[in-house]
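Encoded as structure tokens, the structure appears first; notes follow it.
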Amino acid sequence: MIDKTVGDFEAAVAGVFDGASVMIGGFGTAGMPDGLIDALIAQGATDLTVINNNAGNGETGLAALLKAKRVRKIICSFPRQSDSQHFDALYRAGQIELELVPQGNLAARIHAAGAGLGAIFTPTGYGTLLAEGKETREIEGRHYVLEYPIHADFALIKAQRGDRWGNLVYRKTARNFGPIMAMAAKCTIAQVVEIVPLGDLDPEAIVTPGIFVQRVVQSRPALAAIAA
Amino acid sequence: MNRMNREQMARRVAADIPEGAYVNLGIGLPTTVADFLPPEREIFLQSENGLLGMGPAPAPGEEDPELINAGKQPVTLLTGGAYFHHADSFAMMRGGHLDICVLGAFQVSVFGDLANWATGESGAIPAVGGAMDLAIGAKRTFVMMDLLTRQGESKLVQACTYPITGLACVSRVYTDLAVFDLGPDGARVIELVDGLTLDALRELTGVPLMMGS
């Protein structure tokens with residue numbers, strides 16, 4: 001019997017190694033897998049490359065991982081926010097590398113990795129500082145920039161419900177990067193509010209099929225109550 | 001002259017958004033356009049973080065941290081609205097499916113180049129978000145901004161000096177003093193506030209301006 005569910009967050013993040021690349025879902029805090037990030041901090045892996053849209057908000061989640069100095073490099077579109085103080089301090093001190101990527105290119109590069117593409121030509125960023133030094137091509141009168149896929153060793157994502165085969169559905173705008181990060185990582189770990197019996201998820205409505213998911217862990221009851 | 005205030009500018013932009021349009025309103029001033037869309041028109045608002053059919057802010061106490069807009073403020077979903085992931089959301093932009101995008105700007109060139117993501121100030125932490133995708137993606141990109149900076153410098157320029165967000169992507173600029181259409185031939189003034197002449201506007205902006213659409 002295939003059972004991708006694991007009993008707790010500690011087991012869920014087992015094996016994340018020093019120097020790993022880790023995609024973390026979420027747009028701000030919506031969809032951020034806070035339980036998995038806390039477990040990753042406790043687990044101790046360091047020298048990580050993190051891929052997220054932002055660079056942490058406030059004191060919890062990704063911000064706490066940054067504060068613990070576990071992140072060597074971050075790939076994101078929008079690090080600077082009113083409550084990104086931990087990233088800001090590390091960046092100003094030269095203690096973290098930043099790769100700034102337009103948000104749609106971030107999504108497209110993650111998707112390309114999951115879809116097995118060698119690279120993409122994107123119109124976004126053409127003629128800007130963020131395309132400097134990159135190969136370009138004119139195709140049918142429009143200008144494109146060559147961008148490479150973003151792969152990851154692990155993806156930590158949050159979904160609403162999952163089953164033992166790893167099928168997932170999400171909730172509202174907490175979906176954001178979850179489905180494409182699940183495709184792009186070698187090992188995708190999903191924090192779900194509720195693990196449901198196989199067959200409970202409508203096959204017509206499953207957003208992430210289980211082939212893209214390796215581990216599923218249910219949030220602690222307290223977290224489930226908040227997200228319900 | 002009758003300089004338009006923020007609300008008047010938002011009403012002016014809203015008046016040009018037709019029934020059935022798929023629209024993304026950028027963070028800041030453009031977001032306020034939503035408050036003035038004529039209620040008799042069905043208009044689809046898209047938010048980059050994965051929703052189409054975005055509704056107004058929820059009543060106090062009804063906020064949902066998992067239902068937010070691009071500015072990370074709580075919003076609602078209209079009946080018939082949909083959620084989707086980031087690759088689909090940006091495919092809507094990049095793939096030319098959005099009819100109109102309204103953005104703020106630091107500078108716009110008379111040829112439609114946009115600068116709205118960075119000032120190039122040293123020491124500033126860079127952030128781009130969806131600005132570059134939005135700029136080049138929609139069928140029509142509108143900019144909404146004050147014509148002059150606080151120092152009185154024109155934000156409509158011959159060539160942008162701030163870092164570029166997208167080239168030749170802005171087709172129309174709504175300002176507190178005039179509305180401009182932009183293109184390969186330069187800027188055309190299509191509306192002026194009462195009491196402002198074309199010559200006075202040329203003086204203020206310092207760029208060549210044609211009259212009429």
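Quick note on naming: the chains in the structure tokens go A, B, ... in the order shown, residues restart at 1 in each chain, and ligands are numbered from 1 in order of appearance.
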Compile the contact shell of Thr188 of chain A as number ranges by chain: residues with an atom at most 7 Å away, counting only C-alpha atoms, same-chain residues fewer than 3 positions apart removed.
A: 154-156, 182, 185, 212-215
Within 7 Å of segment 147-157 of chain B, counting only C-alpha atoms, which residues show up once you throw out same-chain ones fewer than 2 positions away? Write them as a list in words, please.
Phe106, Gln107, Val108, Ser109, Val110, Met145, Ala159, Cys160, Thr175, Asp176, Leu177, Leu204, Thr205 and Val207 of chain B
Mind checking DSSP for segment 65-208 of chain B and telling me the strand (DSSP E) residues as number ranges by chain?
B: 76-83, 100-103, 107-109, 114-115, 140-144, 156-157, 170-174, 178-183, 186-192
What are the nearest atom pairs, with distances in Å to one decimal, for all residues of chain A that come at most 10 Å from chain B, using only C-alpha atoms, set out by chain and rising residue number as a tab-separated table?
```
residue	atom	partner	partner_atom	distance
A:Gly26	CA	B:Asn49	CA	9.5
A:Phe27	CA	B:Asn49	CA	7.0
A:Gly28	CA	B:Lys72	CA	7.0
A:Thr29	CA	B:Pro65	CA	7.9
A:Ala30	CA	B:Glu66	CA	5.0
A:Gly31	CA	B:Glu66	CA	7.1
A:Met32	CA	B:Glu66	CA	9.9
A:Asn53	CA	B:Gly129	CA	7.9
A:Asn54	CA	B:Gly129	CA	8.7
A:Cys76	CA	B:Gly129	CA	8.4
A:Ser77	CA	B:Gly129	CA	4.7
A:Phe78	CA	B:Ala127	CA	4.5
A:Pro79	CA	B:Ala127	CA	5.8
A:Arg80	CA	B:Ala127	CA	5.8
A:Gln81	CA	B:Ala127	CA	8.8
A:Phe87	CA	B:Ile125	CA	9.8
A:Asp88	CA	B:Ile125	CA	7.4
A:Tyr91	CA	B:Ile125	CA	7.9
A:Arg92	CA	B:Gly123	CA	7.8
A:Leu98	CA	B:Pro126	CA	9.3
A:Glu99	CA	B:Pro126	CA	10.0
A:Leu100	CA	B:Ala127	CA	7.0
A:Val101	CA	B:Val128	CA	7.3
A:Pro102	CA	B:Gly129	CA	5.6
A:Gln103	CA	B:Gly130	CA	4.8
A:Gly104	CA	B:Phe90	CA	5.2
A:Asn105	CA	B:Asp133	CA	7.9
A:Leu106	CA	B:Ala87	CA	8.9
A:Ala107	CA	B:Ala87	CA	5.2
A:Ala108	CA	B:Ala87	CA	6.0
A:Arg109	CA	B:Ala87	CA	9.3
A:Ile110	CA	B:Ala87	CA	8.6
A:His111	CA	B:Ala87	CA	6.8
A:Ala112	CA	B:Ala87	CA	9.8
A:Thr122	CA	B:Arg94	CA	8.4
A:Pro123	CA	B:Ile136	CA	7.5
A:Thr124	CA	B:Asp133	CA	5.3
A:Gly125	CA	B:Met132	CA	5.8
A:Tyr126	CA	B:Gly166	CA	7.0
A:Gly127	CA	B:Leu167	CA	6.7
A:Thr128	CA	B:Ile164	CA	5.4
A:Leu129	CA	B:Pro163	CA	7.0
A:Leu130	CA	B:Thr165	CA	9.3
A:Tyr170	CA	B:Tyr83	CA	9.4
A:Arg171	CA	B:Glu66	CA	7.2
A:Lys172	CA	B:Leu67	CA	5.8
A:Thr173	CA	B:Leu67	CA	5.2
A:Ala174	CA	B:Glu66	CA	5.2
A:Arg175	CA	B:His85	CA	5.8
A:Asn176	CA	B:His85	CA	4.6
A:Phe177	CA	B:His86	CA	5.4
A:Gly178	CA	B:His85	CA	7.4
A:Pro179	CA	B:His85	CA	6.6
A:Ile180	CA	B:Ala87	CA	7.1
A:Met181	CA	B:His86	CA	10.0
A:Val207	CA	B:Phe84	CA	9.2
A:Ile226	CA	B:Pro65	CA	9.8
A:Ala227	CA	B:Glu66	CA	8.3
```
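Taking atom CA of Gly104 of chain B and atom CA of Ala118 of chain B as the two end points, the separation is 12.1 Å.
Here atom CA of Gln85 of chain A stands at a distance of 7.2 Å from atom CA of Gly58 of chain A.
Atom CA of Asp3 of chain A lies 19.2 Å from atom CA of Met183 of chain A.
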May I have the residues within 9 Å of Asp35 of chain B as a list in words, using only C-alpha atoms and disregarding those fewer than 5 positions away in the same chain?
Ala10, Arg11, Ala14 and Pro56 of chain B
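Nearest-residue note for Leu117 of chain A: choosing from A:Leu48, A:Ile75, A:Ala39, A:Ile150, the minimum distance belongs to A:Ile150, counting only C-alpha atoms.
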Filtered DSSP result for segment 18-154 of chain B, state alpha helix (DSSP H), as a PyMOL selection string:
chain B and resi 86-94+131-137
Now that the selection is made, can you save its residues with C-alpha atoms as a compact mmCIF listing (two decimals), in the first residue's frame?
```
# COMPACT_ATOMS: atom_id res chain seq x y z
CA HIS B 86 0.96 31.44 -10.35
CA ALA B 87 1.97 30.01 -13.72
CA ASP B 88 -1.61 30.40 -14.96
CA SER B 89 -1.87 33.86 -13.46
CA PHE B 90 1.19 35.13 -15.28
CA ALA B 91 0.18 33.30 -18.46
CA MET B 92 -2.91 35.51 -18.37
CA MET B 93 -0.61 38.53 -18.47
CA ARG B 94 2.24 37.40 -20.68
CA ALA B 131 5.79 44.88 -12.52
CA MET B 132 7.73 43.73 -15.59
CA ASP B 133 5.20 41.03 -16.49
CA LEU B 134 2.27 43.41 -16.12
CA ALA B 135 3.96 46.14 -18.15
CA ILE B 136 4.44 44.06 -21.28
CA GLY B 137 1.61 41.57 -20.96
```
If we count only C-alpha atoms and set the cut-off at 7 Å, which residues sit around Gly53 of chain B, ignoring sequence neighbours fewer than 3 positions away in its own chain? Please answer as a PyMOL selection string.
chain B and resi 44-46+77-78+80-82
